[in-house]
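*Asks:* Below is the file start_25.cif, which contains mmCIF, C-alpha atoms and all ligand atoms.
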```cif
data_query
#
loop_
_atom_site.label_atom_id
_atom_site.label_comp_id
_atom_site.auth_asym_id
_atom_site.auth_seq_id
_atom_site.Cartn_x
_atom_site.Cartn_y
_atom_site.Cartn_z
CA MET A 1 -64.86 -5.90 192.22
CA LYS A 2 -62.83 -9.08 191.89
CA LEU A 3 -59.07 -8.78 192.34
CA GLU A 4 -56.33 -10.88 190.79
CA VAL A 5 -53.11 -10.25 192.69
CA ALA A 6 -49.48 -11.19 192.22
CA SER A 7 -46.25 -9.88 193.69
CA LEU A 8 -42.51 -10.40 193.54
CA SER A 9 -39.50 -8.98 195.34
CA HIS A 10 -36.00 -9.65 194.03
CA ILE A 11 -32.59 -8.73 195.42
CA GLY A 12 -31.28 -7.66 191.98
CA GLN A 13 -27.77 -8.29 190.63
CA VAL A 14 -25.59 -6.11 192.82
CA ARG A 15 -26.91 -5.63 196.34
CA GLN A 16 -26.02 -7.93 199.25
CA ARG A 17 -29.44 -7.59 200.85
CA ASN A 18 -33.00 -7.05 199.82
CA GLU A 19 -34.14 -3.97 201.71
CA ASP A 20 -37.54 -3.88 199.98
CA ALA A 21 -40.58 -5.41 201.61
CA LEU A 22 -44.11 -6.05 200.45
CA GLY A 23 -47.34 -7.33 201.86
CA HIS A 24 -51.00 -7.62 201.13
CA PHE A 25 -54.09 -8.64 203.01
CA GLU A 26 -57.58 -9.41 201.78
CA PRO A 27 -60.01 -10.14 204.61
CA THR A 28 -62.01 -13.31 204.03
CA GLU A 29 -64.97 -11.98 205.98
CA LYS A 30 -67.34 -9.89 203.94
CA SER A 31 -68.02 -7.45 206.80
CA ALA A 32 -64.30 -6.62 207.13
CA ARG A 33 -63.96 -6.33 203.36
CA ASP A 34 -66.92 -3.97 203.21
CA GLU A 35 -65.61 -1.86 206.05
CA LYS A 36 -61.89 -1.61 205.26
CA GLY A 37 -61.33 -3.35 201.93
CA SER A 38 -58.11 -5.08 200.87
CA ILE A 39 -54.66 -3.58 201.42
CA PHE A 40 -51.45 -3.71 199.37
CA VAL A 41 -48.10 -2.34 200.55
CA VAL A 42 -44.63 -1.83 199.06
CA ALA A 43 -41.76 -0.37 201.12
CA ASP A 44 -38.11 0.34 200.26
CA GLY A 45 -35.88 0.68 203.30
CA MET A 46 -32.67 2.63 203.79
CA GLY A 47 -30.02 2.75 206.49
CA GLY A 48 -26.74 1.07 207.41
CA HIS A 49 -26.22 -2.48 208.66
CA ARG A 50 -29.60 -4.21 208.63
CA GLY A 51 -31.48 -0.93 209.11
CA GLY A 52 -33.10 -0.72 205.69
CA GLU A 53 -34.36 -4.29 205.82
CA ILE A 54 -35.82 -3.83 209.29
CA ALA A 55 -37.45 -0.47 208.57
CA SER A 56 -39.28 -1.67 205.46
CA LYS A 57 -40.51 -4.87 207.16
CA LEU A 58 -41.69 -2.96 210.22
CA ALA A 59 -43.57 -0.54 207.99
CA VAL A 60 -45.39 -3.29 206.08
CA GLU A 61 -46.29 -5.31 209.19
CA THR A 62 -47.33 -2.34 211.31
CA ILE A 63 -49.41 -0.70 208.61
CA ILE A 64 -51.37 -3.85 207.78
CA SER A 65 -52.08 -4.76 211.40
CA GLU A 66 -52.89 -1.19 212.52
CA PHE A 67 -55.12 -0.58 209.51
CA TYR A 68 -57.40 -3.49 210.36
CA SER A 69 -57.29 -3.17 214.16
CA SER A 70 -57.97 0.56 214.16
CA LYS A 71 -61.38 1.47 215.51
CA GLU A 72 -61.39 4.61 213.38
CA GLY A 73 -64.29 4.51 210.99
CA GLY A 74 -63.39 4.77 207.33
CA VAL A 75 -60.36 3.94 205.24
CA VAL A 76 -58.63 7.33 205.31
CA PRO A 77 -58.53 7.83 209.10
CA ALA A 78 -57.34 4.22 209.49
CA LEU A 79 -54.56 4.82 206.94
CA ARG A 80 -53.49 7.99 208.74
CA LEU A 81 -53.33 6.15 212.03
CA ALA A 82 -51.47 3.21 210.49
CA PHE A 83 -48.79 5.51 209.00
CA LYS A 84 -48.41 7.36 212.29
CA GLU A 85 -47.99 4.11 214.20
CA ALA A 86 -45.48 2.68 211.70
CA ASN A 87 -43.45 5.89 211.94
CA LYS A 88 -43.41 5.62 215.73
CA VAL A 89 -42.47 1.94 215.74
CA ILE A 90 -39.52 2.52 213.38
CA ILE A 91 -38.27 5.52 215.37
CA GLU A 92 -38.47 3.59 218.64
CA LYS A 93 -36.63 0.63 217.18
CA SER A 94 -33.88 2.88 215.84
CA LYS A 95 -33.45 4.45 219.29
CA ASP A 96 -33.03 0.97 220.83
CA ASP A 97 -30.11 -0.07 218.67
CA VAL A 98 -27.25 2.18 217.66
CA ASP A 99 -26.68 0.09 214.50
CA LEU A 100 -30.15 1.01 213.30
CA PHE A 101 -29.82 4.74 213.90
CA GLY A 102 -31.13 6.77 210.97
CA MET A 103 -33.01 3.92 209.29
CA GLY A 104 -36.14 4.78 207.37
CA THR A 105 -38.31 3.60 204.54
CA THR A 106 -40.53 4.64 201.69
CA CYS A 107 -44.04 3.27 201.85
CA THR A 108 -46.73 3.10 199.19
CA VAL A 109 -50.10 1.67 200.16
CA LEU A 110 -53.16 0.95 198.12
CA VAL A 111 -56.55 0.03 199.54
CA VAL A 112 -59.33 -1.35 197.35
CA ARG A 113 -62.76 -1.22 198.92
CA ASN A 114 -65.71 -2.15 196.70
CA ASP A 115 -65.32 0.06 193.58
CA ASP A 116 -63.00 2.55 195.21
CA ALA A 117 -59.23 2.78 195.48
CA TYR A 118 -57.40 4.81 198.11
CA PHE A 119 -53.71 5.38 198.41
CA ALA A 120 -51.27 6.56 201.05
CA HIS A 121 -47.71 7.30 200.15
CA ILE A 122 -44.35 8.59 201.30
CA GLY A 123 -40.98 8.41 199.49
CA ASP A 124 -40.11 7.41 195.94
CA SER A 125 -41.77 4.04 195.49
CA ARG A 126 -44.72 4.39 193.12
CA ALA A 127 -48.30 3.43 192.38
CA TYR A 128 -49.58 3.35 188.79
CA LEU A 129 -52.97 2.84 187.22
CA TYR A 130 -53.24 1.26 183.79
CA ARG A 131 -56.60 1.92 182.13
CA ASP A 132 -57.74 1.92 178.50
CA GLY A 133 -54.27 1.91 176.98
CA GLU A 134 -52.88 4.57 179.30
CA LEU A 135 -50.52 4.33 182.23
CA LYS A 136 -50.85 6.99 184.89
CA GLN A 137 -48.57 7.49 187.89
CA ILE A 138 -50.84 8.01 190.87
CA THR A 139 -48.18 8.94 193.42
CA GLU A 140 -45.68 11.80 193.39
CA ASP A 141 -42.03 10.99 194.06
CA HIS A 142 -40.84 12.57 197.30
CA SER A 143 -37.32 12.90 196.01
CA LEU A 144 -35.00 15.70 195.03
CA VAL A 145 -35.28 14.85 191.33
CA GLY A 146 -39.05 14.39 191.65
CA GLU A 147 -39.33 17.94 192.93
CA MET A 148 -37.06 19.19 190.14
CA VAL A 149 -39.25 17.47 187.52
CA ARG A 150 -42.43 18.95 189.02
CA SER A 151 -41.01 22.45 189.01
CA GLY A 152 -39.91 22.03 185.38
CA ILE A 153 -36.14 22.22 186.04
CA ILE A 154 -35.39 18.81 184.53
CA SER A 155 -37.24 16.24 182.42
CA ASP A 156 -38.36 12.74 183.42
CA GLU A 157 -35.52 11.36 181.33
CA ASP A 158 -32.94 13.62 183.06
CA ALA A 159 -34.28 12.46 186.41
CA ARG A 160 -33.61 8.83 185.55
CA ASN A 161 -29.89 9.55 184.98
CA HIS A 162 -29.42 12.27 187.57
CA PRO A 163 -26.47 11.69 189.96
CA ARG A 164 -28.63 12.63 192.96
CA ARG A 165 -31.66 10.57 191.97
CA ASN A 166 -31.41 8.55 195.19
CA VAL A 167 -32.00 11.51 197.49
CA ILE A 168 -35.37 11.06 199.16
CA THR A 169 -37.02 14.10 200.69
CA ARG A 170 -39.64 12.36 202.82
CA SER A 171 -39.70 8.93 204.49
CA LEU A 172 -41.12 6.95 207.38
CA GLY A 173 -39.08 6.55 210.55
CA THR A 174 -36.81 9.57 210.15
CA HIS A 175 -38.90 12.40 211.66
CA GLU A 176 -41.38 12.55 214.52
CA GLU A 177 -43.79 14.42 212.27
CA ILE A 178 -44.56 12.58 209.04
CA SER A 179 -45.77 14.17 205.85
CA ALA A 180 -47.33 11.35 203.85
CA ASP A 181 -49.73 11.97 200.97
CA ILE A 182 -53.09 10.52 202.00
CA PRO A 183 -55.83 11.99 199.80
CA THR A 184 -59.19 12.25 201.52
CA SER A 185 -61.22 10.91 198.62
CA PRO A 186 -60.77 7.71 196.65
CA PHE A 187 -60.77 7.27 192.88
CA GLY A 188 -63.26 4.95 191.20
CA LEU A 189 -62.17 1.64 189.71
CA ALA A 190 -63.42 0.17 186.45
CA ASP A 191 -63.51 -3.32 184.99
CA GLY A 192 -60.10 -4.10 183.44
CA ASP A 193 -58.04 -1.64 185.51
CA VAL A 194 -54.58 -2.79 186.48
CA LEU A 195 -52.77 -1.29 189.46
CA LEU A 196 -49.04 -1.53 190.03
CA LEU A 197 -47.07 -0.80 193.19
CA CYS A 198 -43.30 -0.84 192.80
CA SER A 199 -39.99 0.24 194.29
CA ASP A 200 -37.56 2.50 192.41
CA GLY A 201 -35.42 -0.52 191.53
CA LEU A 202 -38.00 -1.04 188.79
CA THR A 203 -38.70 2.51 187.67
CA SER A 204 -35.08 3.68 187.64
CA VAL A 205 -34.31 1.25 184.80
CA VAL A 206 -37.54 0.09 183.16
CA THR A 207 -39.29 2.71 181.03
CA ARG A 208 -42.88 3.79 181.33
CA GLU A 209 -43.62 2.36 177.89
CA GLU A 210 -42.21 -1.03 178.90
CA VAL A 211 -44.29 -1.03 182.08
CA LYS A 212 -47.40 -0.12 180.10
CA LYS A 213 -46.88 -2.83 177.47
CA THR A 214 -46.29 -5.44 180.15
CA LEU A 215 -49.39 -4.56 182.15
CA GLU A 216 -51.64 -4.49 179.09
CA SER A 217 -50.50 -7.80 177.67
CA LYS A 218 -49.86 -10.07 180.65
CA SER A 219 -51.61 -11.58 183.66
CA PRO A 220 -50.53 -10.17 187.07
CA ARG A 221 -48.31 -13.22 187.71
CA ASP A 222 -46.57 -13.02 184.32
CA ALA A 223 -46.32 -9.23 184.54
CA CYS A 224 -44.48 -9.44 187.89
CA ASP A 225 -42.02 -11.98 186.49
CA ALA A 226 -41.51 -10.01 183.28
CA LEU A 227 -40.95 -6.66 185.02
CA VAL A 228 -38.41 -8.10 187.45
CA ASP A 229 -36.61 -9.93 184.60
CA LEU A 230 -36.45 -6.70 182.62
CA ALA A 231 -34.97 -4.72 185.54
CA ASN A 232 -32.40 -7.47 186.09
CA GLU A 233 -31.50 -7.54 182.40
CA LYS A 234 -30.87 -3.83 182.63
CA GLY A 235 -28.32 -4.31 185.39
CA GLY A 236 -30.47 -4.94 188.47
CA LYS A 237 -28.46 -2.37 190.44
CA ASP A 238 -31.11 -2.09 193.11
CA ASN A 239 -33.66 -4.37 194.79
CA ILE A 240 -36.79 -4.74 192.65
CA THR A 241 -40.28 -5.11 194.07
CA VAL A 242 -43.59 -5.21 192.22
CA GLN A 243 -47.17 -5.89 193.15
CA VAL A 244 -49.81 -6.09 190.40
CA ILE A 245 -53.57 -6.02 191.01
CA LYS A 246 -56.01 -6.63 188.20
CA VAL A 247 -59.56 -5.49 188.76
CA SER A 248 -62.60 -7.05 187.19
CA ALA A 249 -66.31 -6.59 187.68
CA ASP A 250 -68.00 -9.26 189.83
CA GLY A 251 -69.78 -12.07 188.01
CA CA B 1 -34.54 1.19 196.10
#
```
I'd like the structure from this file rewritten - as C-alpha cells, please.

*Replies:*
Amino acid sequence: MKLEVASLSHIGQVRQRNEDALGHFEPTEKSARDEKGSIFVVADGMGGHRGGEIASKLAVETIISEFYSSKEGGVVPALRLAFKEANKVIIEKSKDDVDLFGMGTTCTVLVVRNDDAYFAHIGDSRAYLYRDGELKQITEDHSLVGEMVRSGIISDEDARNHPRRNVITRSLGTHEEISADIPTSPFGLADGDVLLLCSDGLTSVVTREEVKKTLESKSPRDACDALVDLANEKGGKDNITVQVIKVSADG
C-alpha cells in the first residue's frame, strides 16, 4: 500500500503551551518496512509545570525508537515493549524532578505494514477509519465519560458537554503497570481508506459528521488544516493535533 501522510499540531486559542506531541516514521529500507511497517503516533500530555509537554514528547520519541530497535519479532510484541519502555521512561523522569511529579500522557499509535493496520492505545486520544462513506472510531476512550457512554448511562452528545469529560482513567507514566489496548490481530486496509489520529482537542468540539465530510473530500494536507481551523473556530480551548494517512493500492 502507498501512504499519503500529513499532520498538524496547534496550541489552540486559550492554552499557554502545546502539551500534545506527534510523530511518524516510515523506514526507507524495504526490509525494515516489511518487518515492522510504518508508525504514526499522537500523544496528549498532562501534568503541572512543563510535565504534560515532556510526557507526551517522551512517549512519542521512546515508542518510535523502541519499536524499531526491538528484537522482538512481529509488530504486536514490539508495540507492547515500546509502550512498556515509554511508561518506564516517563515514570523515571517524573521521579527525577519534583516539578514533573504526576505527569502522564495519552498515546495512540497506528502501524501500517503491507495491507495490515495495527493499533496500540491508552487514554482519550482517538484513531478513526474512514471507508466507503463511513467513519468508524477504532479506539475506545479510556475516560470517565467514555465508560459511561459504553455502559449506556449517557449519550455521545452528553459526553461532549459533560463537566467531567477531562477525567482520564488510563494513561502512560502514571502507574507501574500499564493497561493499554493492543489487539493481537490487525485489520485489513483497502484502497481509498483514510486513517485519522487525533487528540481530544479536536473531538471535543468538532463533530463526527464534520470529521467524516472533511476526510472524504480533502487531501490529507488540506484535511489537517481544515480540521484544526474548525476546532479553532469553535473556541480552540485545548491543543489540537491531527495526523491523516490516506491509503492507496500500489501502482
Ligand atoms: Ca487535550

*Asks:* Have a look at A:Ser69, A:Ser219, A:Ser125, A:Asn232 and name the one nearest to ligand CA 1 (chain B); count only C-alpha atoms and all ligand atoms.

*Replies:* A:Ser125

*Asks:* In Å, with one decimal, what is the gap from atom CA of A:Gly188 to atom CA of A:Val41?

*Replies:*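 Interatomic distance here is 19.2 Å.
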
*Asks:* Write out as number ranges by chain the residues lying within 12 Å of A:Leu81, counting only C-alpha atoms and excluding same-chain residues fewer than 2 positions away.

*Replies:* A: 62-79, 83-88, 120, 178, 180, 182

*Asks:* Near A:Ile138, counting all atoms listed in the file, which residues have an atom at most 12 Å away, once you skip same-chain residues fewer than 3 positions from it, shown as a list in words?

*Replies:*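 My list of contacting residues is Thr108, Val109, Leu110, Ala117, Tyr118, Phe119, Ala120, His121, Asp124, Ser125, Arg126, Ala127, Tyr128, Leu129, Tyr130, Leu135, Asp141, Asp181, Ile182, Pro183, Pro186, Phe187, Leu195, Leu196, Leu197 and Cys198 of chain A.
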
*Asks:* Please give me, as number ranges by chain, the residues lying within 6 Å of ligand CA 1 (chain B) when counting all atoms listed in the file.

*Replies:* A: 44, 199-201, 238-239

*Asks:* Residues within 8 Å of stretch 169-177 of chain A, please, as a ChimeraX atom specification. Count all atoms listed in the file; anything in the same chain fewer than 2 positions from it doesn't count.

*Replies:* /A:55,59,83,86-91,102-107,122-123,142-144,167,179-180

*Asks:* What are the centre and edge lengths in Å, to one decimal, of the axis-aligned box around all listed atoms of stretch 73-83 of chain A with 6 Å added on each side, as lines of an AutoDock Vina configuration file?

*Replies:*
```
center_x = -56.5
center_y = 5.6
center_z = 208.6
size_x = 27.5
size_y = 16.8
size_z = 18.8
```

*Asks:* Tell me which of A:Leu58, A:Ile240, A:Leu215, A:Ile154 sits closest to A:Glu92, counting all atoms listed in the file.

*Replies:* A:Leu58
